[in-house]
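Asks: Contents of entry-v2.cif (mmCIF, C-alpha atoms):
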```cif
data_protein
loop_
_atom_site.label_atom_id
_atom_site.label_comp_id
_atom_site.auth_asym_id
_atom_site.auth_seq_id
_atom_site.Cartn_x
_atom_site.Cartn_y
_atom_site.Cartn_z
CA MET A 1 128.11 98.25 91.68
CA ASN A 2 128.04 98.71 95.47
CA ILE A 3 125.10 100.90 96.48
CA LEU A 4 124.20 102.29 99.89
CA PHE A 5 120.59 103.27 100.51
CA LEU A 6 119.81 105.67 103.34
CA THR A 7 116.56 107.00 104.71
CA SER A 8 116.49 110.47 106.26
CA ALA A 9 116.17 110.74 110.03
CA ALA A 10 112.90 111.90 111.57
CA PRO A 11 112.84 115.49 112.86
CA GLU A 12 112.91 116.24 116.58
CA LYS A 13 109.70 118.24 116.15
CA SER A 14 107.01 117.84 113.54
CA GLY A 15 103.50 119.01 112.80
CA PHE A 16 102.32 115.41 112.64
CA PHE A 17 102.98 111.92 113.94
CA THR A 18 106.48 110.59 113.10
CA THR A 19 107.04 107.96 115.79
CA GLU A 20 105.60 105.02 113.82
CA LYS A 21 108.54 103.03 112.50
CA ARG A 22 107.58 100.58 109.77
CA PRO A 23 109.71 99.15 106.95
CA PRO A 24 110.04 101.46 103.91
CA VAL A 25 108.34 99.15 101.41
CA GLY A 26 109.08 101.47 98.49
CA LEU A 27 112.80 101.19 99.12
CA GLY A 28 112.32 97.46 99.51
CA TYR A 29 111.12 97.23 95.91
CA LEU A 30 114.05 99.31 94.66
CA MET A 31 116.56 97.18 96.55
CA SER A 32 115.06 93.97 95.15
CA VAL A 33 115.10 95.32 91.60
CA LEU A 34 118.75 96.30 91.88
CA LYS A 35 119.75 93.05 93.58
CA ASN A 36 118.15 91.16 90.70
CA ALA A 37 120.18 93.33 88.31
CA GLY A 38 123.40 92.17 90.00
CA HIS A 39 124.18 95.12 92.28
CA ASN A 40 125.39 94.75 95.86
CA ILE A 41 123.04 96.55 98.24
CA PHE A 42 123.74 98.08 101.65
CA PHE A 43 121.04 99.73 103.72
CA SER A 44 120.85 101.92 106.81
CA ASP A 45 117.47 103.15 108.05
CA GLU A 46 118.23 106.48 109.69
CA TYR A 47 114.51 107.12 110.21
CA LEU A 48 114.30 104.00 112.35
CA LYS A 49 117.54 104.61 114.23
CA PRO A 50 120.16 107.26 113.33
CA SER A 51 123.67 105.90 112.95
CA ASN A 52 127.18 107.27 112.52
CA ILE A 53 127.60 105.59 109.16
CA LEU A 54 128.69 108.83 107.45
CA GLU A 55 131.19 109.64 110.22
CA SER A 56 132.89 106.26 109.83
CA ASP A 57 135.01 104.62 107.15
CA PHE A 58 132.00 102.65 105.89
CA LEU A 59 131.99 104.13 102.37
CA PRO A 60 135.63 103.47 101.42
CA ARG A 61 135.78 100.21 103.40
CA ASN A 62 132.86 98.77 101.48
CA MET A 63 133.89 100.40 98.19
CA ILE A 64 130.52 102.14 97.86
CA ASN A 65 130.07 103.49 94.33
CA CYS A 66 126.78 105.28 94.85
CA ILE A 67 124.61 106.55 97.71
CA GLY A 68 120.84 106.77 97.28
CA ILE A 69 118.98 108.89 99.84
CA TYR A 70 115.23 108.54 100.34
CA SER A 71 113.81 111.89 101.42
CA ASN A 72 110.44 112.91 102.84
CA THR A 73 109.64 116.60 103.13
CA VAL A 74 109.27 116.44 106.92
CA CYS A 75 112.75 114.84 107.05
CA TYR A 76 114.43 117.19 104.59
CA ASP A 77 116.65 118.85 107.22
CA SER A 78 118.18 115.44 107.82
CA THR A 79 118.58 114.91 104.09
CA LEU A 80 120.52 118.17 103.79
CA GLU A 81 122.71 117.27 106.74
CA MET A 82 123.61 113.93 105.17
CA LEU A 83 124.23 115.49 101.77
CA ASN A 84 126.59 118.04 103.29
CA LYS A 85 128.55 115.34 105.12
CA ILE A 86 128.90 113.30 101.95
CA GLN A 87 130.00 116.33 99.93
CA VAL A 88 132.64 117.20 102.54
CA MET A 89 133.99 113.65 102.20
CA ARG A 90 134.19 114.10 98.45
CA LYS A 91 135.99 117.44 98.77
CA MET A 92 138.47 115.89 101.19
CA LYS A 93 139.05 113.01 98.73
CA LYS A 94 137.84 110.46 101.27
CA TRP A 95 135.16 109.18 98.90
CA SER A 96 134.48 109.75 95.21
CA GLY A 97 131.15 108.09 94.42
CA LYS A 98 127.87 109.51 93.18
CA ILE A 99 124.95 110.90 95.17
CA LEU A 100 121.36 110.25 94.14
CA VAL A 101 118.22 111.54 95.87
CA GLY A 102 114.67 110.22 95.52
CA GLY A 103 111.53 109.84 97.58
CA PRO A 104 108.39 111.93 98.02
CA HIS A 105 110.21 115.21 98.59
CA THR A 106 111.75 115.24 95.12
CA SER A 107 108.26 115.26 93.61
CA VAL A 108 107.46 118.64 95.15
CA GLY A 109 110.82 120.17 96.11
CA TRP A 110 113.53 118.93 93.76
CA GLY A 111 114.57 122.48 92.85
CA GLU A 112 116.01 123.14 96.32
CA ILE A 113 118.27 120.08 96.32
CA PRO A 114 121.95 121.21 96.21
CA ASP A 115 123.64 121.41 92.81
CA TYR A 116 126.41 119.00 93.83
CA VAL A 117 123.90 116.12 93.98
CA ASP A 118 124.56 114.03 90.88
CA GLY A 119 121.04 112.73 90.25
CA ILE A 120 117.45 113.40 91.30
CA VAL A 121 114.67 110.90 90.64
CA ILE A 122 111.15 112.32 90.67
CA GLY A 123 108.38 109.78 91.15
CA GLU A 124 108.95 106.06 90.66
CA GLY A 125 112.43 104.59 90.42
CA GLU A 126 112.12 100.89 89.61
CA VAL A 127 112.39 101.39 85.83
CA SER A 128 114.63 104.47 85.67
CA LEU A 129 117.15 103.84 88.46
CA PRO A 130 118.79 100.79 86.84
CA LYS A 131 119.16 102.85 83.65
CA ILE A 132 120.79 105.69 85.60
CA LEU A 133 123.28 103.31 87.22
CA SER A 134 124.14 101.68 83.88
CA GLY A 135 124.70 105.06 82.22
CA GLU A 136 121.77 104.66 79.83
CA ILE A 137 120.17 107.76 81.41
CA THR A 138 122.56 110.67 82.00
CA ASP A 139 120.20 113.52 82.90
CA ARG A 140 120.61 115.01 86.39
CA VAL A 141 116.86 115.38 86.94
CA VAL A 142 114.88 112.31 85.90
CA PHE A 143 111.11 111.94 85.89
CA GLY A 144 110.86 108.27 86.77
CA GLU A 145 109.06 106.10 84.26
CA LYS A 146 105.78 104.80 85.66
CA LEU A 147 105.57 101.07 86.06
CA GLU A 148 102.29 99.95 84.50
CA ASP A 149 102.58 96.25 85.31
CA LEU A 150 102.94 96.18 89.09
CA ASP A 151 102.83 92.37 89.02
CA SER A 152 106.29 92.49 87.40
CA LEU A 153 107.83 93.82 90.60
CA PRO A 154 109.82 91.36 92.69
CA PHE A 155 108.82 91.06 96.33
CA PRO A 156 110.38 93.80 98.50
CA ALA A 157 113.76 92.97 100.05
CA TRP A 158 112.21 91.75 103.31
CA GLU A 159 115.56 90.22 104.23
CA GLU A 160 116.84 93.78 104.76
CA PHE A 161 114.00 94.56 107.18
CA VAL A 162 113.04 91.54 109.27
CA TYR A 163 115.96 91.67 111.72
CA ARG A 164 115.50 95.39 112.46
CA SER A 165 113.45 96.81 115.31
CA TYR A 166 110.51 98.11 113.28
CA ASP A 167 106.93 98.28 114.52
CA TRP A 168 105.77 94.76 113.70
CA SER A 169 102.47 95.10 115.58
CA HIS A 170 99.64 97.60 115.77
CA PRO A 171 97.71 98.91 118.78
CA TRP A 172 94.43 98.63 116.85
CA HIS A 173 94.71 94.84 116.73
CA ALA A 174 97.65 93.66 118.80
CA SER A 175 97.11 89.92 118.14
CA ALA A 176 98.09 90.35 114.47
CA TYR A 177 101.81 89.97 115.21
CA PRO A 178 104.04 90.10 113.27
CA LEU A 179 102.22 92.51 110.97
CA TYR A 180 103.71 93.30 107.55
CA PRO A 181 102.91 96.42 105.49
CA LEU A 182 102.07 95.97 101.82
CA VAL A 183 101.54 98.49 99.02
CA THR A 184 99.63 96.84 96.18
CA SER A 185 98.40 99.88 94.25
CA ARG A 186 99.62 103.29 93.15
CA GLY A 187 97.97 106.51 92.09
CA CYS A 188 94.69 108.22 92.94
CA PRO A 189 91.95 109.41 90.56
CA PHE A 190 90.48 111.91 93.04
CA ASP A 191 91.14 115.63 93.50
CA CYS A 192 91.37 116.21 97.28
CA THR A 193 93.02 119.61 97.64
CA PHE A 194 95.07 118.73 100.75
CA CYS A 195 96.73 115.62 99.32
CA SER A 196 100.08 115.15 97.56
CA VAL A 197 99.54 111.56 96.38
CA LYS A 198 98.97 112.62 92.74
CA ALA A 199 102.25 114.54 92.74
CA ILE A 200 104.09 111.34 93.67
CA TRP A 201 102.22 108.49 91.97
CA GLY A 202 100.10 110.30 89.39
CA LYS A 203 96.33 110.30 88.89
CA SER A 204 96.02 106.96 87.15
CA TYR A 205 95.12 104.10 89.47
CA ARG A 206 97.34 101.06 88.97
CA TYR A 207 97.23 97.90 91.04
CA MET A 208 98.57 94.40 91.47
CA SER A 209 96.38 91.48 90.49
CA PRO A 210 94.59 89.50 93.21
CA GLU A 211 96.86 86.54 92.45
CA ARG A 212 99.99 88.63 92.98
CA VAL A 213 98.65 90.07 96.25
CA VAL A 214 97.73 86.68 97.68
CA GLU A 215 101.01 85.16 96.51
CA GLU A 216 102.97 87.68 98.55
CA ILE A 217 100.76 87.13 101.60
CA GLN A 218 101.47 83.40 101.34
CA TYR A 219 105.19 84.15 100.99
CA LEU A 220 105.19 86.31 104.12
CA ILE A 221 103.33 83.65 106.09
CA ARG A 222 105.62 80.84 104.93
CA TYR A 223 109.00 82.52 105.28
CA TYR A 224 108.47 85.24 107.89
CA GLY A 225 105.60 83.98 110.03
CA ALA A 226 103.22 86.81 109.16
CA ARG A 227 100.00 86.90 111.17
CA GLY A 228 98.81 90.30 110.00
CA ILE A 229 98.90 92.43 106.85
CA TYR A 230 98.52 96.22 106.73
CA PHE A 231 97.68 97.54 103.26
CA ARG A 232 99.34 100.97 103.45
CA GLU A 233 97.92 102.33 100.22
CA ASP A 234 95.39 105.13 99.80
CA ASN A 235 92.62 103.27 97.99
CA PHE A 236 92.80 99.55 98.71
CA THR A 237 89.07 98.94 98.14
CA LEU A 238 88.67 101.35 95.21
CA ASN A 239 88.38 98.61 92.59
CA LYS A 240 85.53 96.56 94.01
CA LYS A 241 86.05 93.58 91.71
CA ARG A 242 89.74 93.33 92.62
CA THR A 243 88.91 93.49 96.33
CA ILE A 244 86.24 90.79 95.97
CA ASP A 245 88.64 88.59 93.99
CA ILE A 246 91.36 89.00 96.68
CA CYS A 247 88.88 88.03 99.40
CA GLU A 248 87.53 85.04 97.49
CA LEU A 249 91.07 83.84 96.74
CA LEU A 250 92.05 84.10 100.42
CA LEU A 251 88.98 82.07 101.37
CA LYS A 252 89.46 79.53 98.58
CA LYS A 253 93.07 78.90 99.62
CA GLY A 254 92.15 78.72 103.30
CA ILE A 255 94.53 81.55 104.22
CA ASN A 256 93.73 82.62 107.76
CA ILE A 257 95.25 86.04 108.39
CA ASP A 258 93.97 89.31 109.83
CA TRP A 259 94.43 92.40 107.70
CA PHE A 260 93.84 96.15 107.82
CA CYS A 261 93.52 98.65 105.00
CA GLU A 262 93.47 102.40 104.40
CA THR A 263 90.57 103.36 102.17
CA ARG A 264 87.73 105.61 101.10
CA VAL A 265 84.06 104.77 101.64
CA ASP A 266 82.91 104.91 98.00
CA GLN A 267 82.34 101.14 97.87
CA LEU A 268 81.59 100.47 101.54
CA ASP A 269 77.82 101.05 101.51
CA ASP A 270 77.20 97.37 100.75
CA VAL A 271 76.56 95.04 103.70
CA GLU A 272 77.33 91.85 101.76
CA TYR A 273 80.57 93.35 100.46
CA GLN A 274 81.79 94.35 103.90
CA LYS A 275 80.73 90.94 105.24
CA LEU A 276 82.88 89.27 102.58
CA LEU A 277 85.84 91.43 103.60
CA PHE A 278 85.34 90.46 107.23
CA ASP A 279 85.06 86.75 106.41
CA ALA A 280 88.33 87.02 104.43
CA GLY A 281 90.18 88.53 107.42
CA CYS A 282 89.59 92.28 107.29
CA ARG A 283 89.54 93.59 110.85
CA VAL A 284 90.24 97.33 110.55
CA PHE A 285 89.41 100.17 108.15
CA TYR A 286 91.44 103.37 108.38
CA ILE A 287 89.17 105.86 106.61
CA GLY A 288 90.09 109.32 105.37
CA VAL A 289 87.04 111.22 106.66
CA GLU A 290 88.83 114.60 107.04
CA SER A 291 85.72 116.57 108.13
CA GLY A 292 82.15 116.22 109.35
CA SER A 293 81.20 119.48 107.67
CA PRO A 294 79.55 119.21 104.22
CA LYS A 295 80.90 122.66 103.42
CA MET A 296 84.49 121.62 104.21
CA LEU A 297 84.15 118.31 102.37
CA GLU A 298 83.05 120.23 99.28
CA PHE A 299 85.80 122.81 99.75
CA MET A 300 88.42 120.04 99.97
CA LYS A 301 86.94 118.34 96.87
CA LYS A 302 86.71 115.12 98.84
CA GLY A 303 84.15 113.54 96.54
CA GLU A 304 82.39 111.91 99.50
CA THR A 305 79.58 113.00 101.80
CA ARG A 306 78.96 112.89 105.53
CA GLU A 307 76.08 110.50 104.89
CA GLN A 308 78.41 108.08 103.08
CA PHE A 309 80.79 108.04 106.04
CA ILE A 310 77.97 107.42 108.49
CA ARG A 311 76.49 104.62 106.39
CA ALA A 312 79.84 102.88 105.82
CA ILE A 313 80.85 103.03 109.48
CA GLU A 314 77.44 101.77 110.63
CA ILE A 315 77.84 98.75 108.34
CA SER A 316 81.38 98.15 109.58
CA LYS A 317 80.13 98.11 113.16
CA GLN A 318 77.39 95.69 112.14
CA VAL A 319 79.75 93.18 110.48
CA GLY A 320 82.54 93.51 113.09
CA ILE A 321 85.19 95.63 111.34
CA LYS A 322 86.77 98.32 113.51
CA THR A 323 86.95 101.80 112.01
CA TYR A 324 89.48 104.57 112.56
CA ALA A 325 89.49 107.90 110.77
CA SER A 326 91.78 110.78 109.89
CA PHE A 327 90.68 114.41 110.15
CA VAL A 328 92.10 117.66 108.82
CA VAL A 329 92.11 120.33 111.53
CA GLY A 330 93.01 123.99 111.19
#
```
Can the structure from this file be put into structure tokens for me?
Replies:
Amino acid sequence: MNILFLTSAAPEKSGFFTTEKRPPVGLGYLMSVLKNAGHNIFFSDEYLKPSNILESDFLPRNMINCIGIYSNTVCYDSTLEMLNKIQVMRKMKKWSGKILVGGPHTSVGWGEIPDYVDGIVIGEGEVSLPKILSGEITDRVVFGEKLEDLDSLPFPAWEEFVYRSYDWSHPWHASAYPLYPLVTSRGCPFDCTFCSVKAIWGKSYRYMSPERVVEEIQYLIRYYGARGIYFREDNFTLNKKRTIDICELLLKKGINIDWFCETRVDQLDDVEYQKLLFDAGCRVFYIGVESGSPKMLEFMKKGETREQFIRAIEISKQVGIKTYASFVVG
């Protein structure tokens, strides 16, 4: 089957930062899974750079059987615009394939997706999407089966990304170029009231083994010249043993690469632990602080205290890891 994946274009105006353009790793996993299943994959990243692909003869010329659109809520206007264009083509008999929609928006807003869309995948797609394409699953709305063994995933389809003009560096540590984003865990066991992660990945915390993580880092260094890794997951350091094992494996194998991670501070009150992370290449923590007010932290059910943030950041400064933080305002 010939499948075209599209991302939705970024809005002209948004309530938050949308100018960072990094490879959509989640789509990369889906594309690899389907390639391994024998499908032919085409990809256009409209979030990176809008194209005229739906105003051209691309669909009939490439005999596209199915279009899969990845939709974020902030980009949903673009999703609707693309869906309408595709439906017009179907009505005019210019194309007769199927339309599927997935991505974070379907987890919270699937009910507003137009009825003419043939399939909606809520949550994860690596297990369910091949079954939809083969006809094994025929429901219009599918709650994607959670993948418990993340090690079973193939590497993302980096070959679809590396020649595109993504952000391959980061202003926080410009020497780590090219810098590749990785997502090695899914889910979050916490109850922060402002966050939608549980709606997308669920509350159970699943993660790749240290061996699988390091294997992909080695792959990116060998084949794509990686000099930096950005772990773009919510809780990279949540499982302390896993994090220690990753660091020790990097050191044992002599892998010299700088890396950043997004994380909480639950485990970062340990000087020796943070020193190990630094020795293994950690150079930046991006910490979800959200507020300096104990009252607001309690209201948001953050599960962390101001004192924990202060302690963790003091240690980071001591061992040489830069810290950046996010805050909820208003």
Asks: Using all atoms listed in the file, which protein or nucleic acid residues come within 8 Å of Tyr180 (chain A)? Drop anything in the same chain fewer than 5 positions from it, and give the result as a ChimeraX atom specification.
Replies: /A:168,220,226,228-230
Asks: At most 12 Å is the cut-off: for each residue in region 99-215 of chain A with any atom that close to an atom of region 320-327 of chain A, write down the nearest atom pair and the distance in Å rounded to one decimal, counting only C-alpha atoms, chain first then increasing number, as a Markdown table.
Replies:
```
| residue | atom | partner | partner_atom | distance |
| --- | --- | --- | --- | --- |
| A:Pro171 | CA | A:Tyr324 | CA | 11.8 |
| A:Trp172 | CA | A:Lys322 | CA | 8.4 |
| A:His173 | CA | A:Lys322 | CA | 9.2 |
| A:Phe194 | CA | A:Phe327 | CA | 11.2 |
```
Asks: What's the separation between CA of Phe231 (chain A) and CA of Cys261 (chain A), in Å to one decimal place?
Replies: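 Going from CA of Phe231 (chain A) over to CA of Cys261 (chain A), I get 4.6 Å.
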Asks: Evaluate the PyMOL selection byres ((chain A and resi 224) around 10) on the structure here and hand back the selected residues as an MDAnalysis selection string.
Replies: chainID A and resid 158:159 162 178 180 218:223 225:227
Asks: Rank nothing, just name the residue among A:Lys94, A:Lys240, A:Lys253, A:Lys35 nearest to Ala157 (chain A), using all atoms listed in the file.
Replies: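 Ranking A:Lys94, A:Lys240, A:Lys253, A:Lys35 by distance to Ala157 (chain A), first place goes to A:Lys35.
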Asks: So which residues get picked by the PyMOL selection byres ((chain A and resi 184-187) around 8) here, written as a VMD selection string?
Replies: chain A and resid 150 182 to 183 188 to 189 197 to 198 200 to 208 213 231 233 235 to 236
Asks: Any chance you could work out the residue set of the PyMOL selection byres ((chain A and resi 274) around 12) here, as JSON, numbers by chain?
Replies: {"A": [237, 240, 243, 244, 247, 265, 267, 268, 269, 270, 271, 272, 273, 275, 276, 277, 278, 279, 280, 281, 282, 283, 284, 285, 311, 312, 313, 314, 315, 316, 317, 318, 319, 320, 321, 322]}
Asks: For the residues in that selection, give me C-alpha atoms as a PDB file, in the frame of the given file.
Replies:
```pdb
ATOM      1  CA  THR A 237      89.070  98.940  98.140  1.00  0.00           C
ATOM      2  CA  LYS A 240      85.530  96.560  94.010  1.00  0.00           C
ATOM      3  CA  THR A 243      88.910  93.490  96.330  1.00  0.00           C
ATOM      4  CA  ILE A 244      86.240  90.790  95.970  1.00  0.00           C
ATOM      5  CA  CYS A 247      88.880  88.030  99.400  1.00  0.00           C
ATOM      6  CA  VAL A 265      84.060 104.770 101.640  1.00  0.00           C
ATOM      7  CA  GLN A 267      82.340 101.140  97.870  1.00  0.00           C
ATOM      8  CA  LEU A 268      81.590 100.470 101.540  1.00  0.00           C
ATOM      9  CA  ASP A 269      77.820 101.050 101.510  1.00  0.00           C
ATOM     10  CA  ASP A 270      77.200  97.370 100.750  1.00  0.00           C
ATOM     11  CA  VAL A 271      76.560  95.040 103.700  1.00  0.00           C
ATOM     12  CA  GLU A 272      77.330  91.850 101.760  1.00  0.00           C
ATOM     13  CA  TYR A 273      80.570  93.350 100.460  1.00  0.00           C
ATOM     14  CA  LYS A 275      80.730  90.940 105.240  1.00  0.00           C
ATOM     15  CA  LEU A 276      82.880  89.270 102.580  1.00  0.00           C
ATOM     16  CA  LEU A 277      85.840  91.430 103.600  1.00  0.00           C
ATOM     17  CA  PHE A 278      85.340  90.460 107.230  1.00  0.00           C
ATOM     18  CA  ASP A 279      85.060  86.750 106.410  1.00  0.00           C
ATOM     19  CA  ALA A 280      88.330  87.020 104.430  1.00  0.00           C
ATOM     20  CA  GLY A 281      90.180  88.530 107.420  1.00  0.00           C
ATOM     21  CA  CYS A 282      89.590  92.280 107.290  1.00  0.00           C
ATOM     22  CA  ARG A 283      89.540  93.590 110.850  1.00  0.00           C
ATOM     23  CA  VAL A 284      90.240  97.330 110.550  1.00  0.00           C
ATOM     24  CA  PHE A 285      89.410 100.170 108.150  1.00  0.00           C
ATOM     25  CA  ARG A 311      76.490 104.620 106.390  1.00  0.00           C
ATOM     26  CA  ALA A 312      79.840 102.880 105.820  1.00  0.00           C
ATOM     27  CA  ILE A 313      80.850 103.030 109.480  1.00  0.00           C
ATOM     28  CA  GLU A 314      77.440 101.770 110.630  1.00  0.00           C
ATOM     29  CA  ILE A 315      77.840  98.750 108.340  1.00  0.00           C
ATOM     30  CA  SER A 316      81.380  98.150 109.580  1.00  0.00           C
ATOM     31  CA  LYS A 317      80.130  98.110 113.160  1.00  0.00           C
ATOM     32  CA  GLN A 318      77.390  95.690 112.140  1.00  0.00           C
ATOM     33  CA  VAL A 319      79.750  93.180 110.480  1.00  0.00           C
ATOM     34  CA  GLY A 320      82.540  93.510 113.090  1.00  0.00           C
ATOM     35  CA  ILE A 321      85.190  95.630 111.340  1.00  0.00           C
ATOM     36  CA  LYS A 322      86.770  98.320 113.510  1.00  0.00           C
TER      37      LYS A 322
END
```
Asks: Can you pull out the residues contacting Ala9 (chain A)? Cut-off 8 Å, using all atoms listed in the file, and skip same-chain residues under 3 positions away; I want them as an MDAnalysis selection string.
Replies: chainID A and resid 45:50 75 78:79
Asks: Report the centre and edge lengths, in Å to one decimal, of an axis-aligned box enclosing every atom of region 294-303 of chain A listed in the file, padded by 5 Å on each side, as JSON.
Replies:
```
{"center_x": 84.0, "center_y": 118.2, "center_z": 100.4, "size_x": 18.9, "size_y": 19.3, "size_z": 17.7}
```
Asks: Quick one: residues within 8 Å of region 109-121 of chain A, all atoms listed in the file, excluding same-chain residues fewer than 5 positions away - as a ChimeraX atom specification?
Replies: /A:73,83,87,98-103,129,139-144
Asks: Rounded to one decimal, what separation in Å do you get between CA of Met296 (chain A) and CA of Arg264 (chain A)?
Replies: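 Between CA of Met296 (chain A) and CA of Arg264 (chain A) the gap works out to 16.6 Å.
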Asks: Take the point (90.7, 114.8, 99.3) as written in the file and pick out every residue within 6 Å of it, counting only C-alpha atoms; give the list as a list in words.
Replies: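 The residues near that point, listed by chain and number, are Asp191, Cys192, Thr193, Met300, Lys301 and Lys302 of chain A.
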Asks: How would the residues just picked look written out with C-alpha atoms as a CSV table (one decimal), in the coordinates of the input?
Replies:
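The file below, selection.csv, is the result:
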```
chain,number,residue,atom,x,y,z
A,191,ASP,CA,91.1,115.6,93.5
A,192,CYS,CA,91.4,116.2,97.3
A,193,THR,CA,93.0,119.6,97.6
A,300,MET,CA,88.4,120.0,100.0
A,301,LYS,CA,86.9,118.3,96.9
A,302,LYS,CA,86.7,115.1,98.8
```
Asks: Quick one: residues within 8 Å of Leu249 (chain A), all atoms listed in the file counted, chain neighbours fewer than 3 positions away excluded, as a list in words?
Replies: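 Selected residues are Pro210, Glu211, Val214, Asp245, Ile246, Lys252 and Lys253 of chain A.
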Asks: Distance CA of Asp167 (chain A)-CA of Gly26 (chain A), one decimal place?
Replies: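 Calculated distance between CA of Asp167 (chain A) and CA of Gly26 (chain A) is 16.5 Å.
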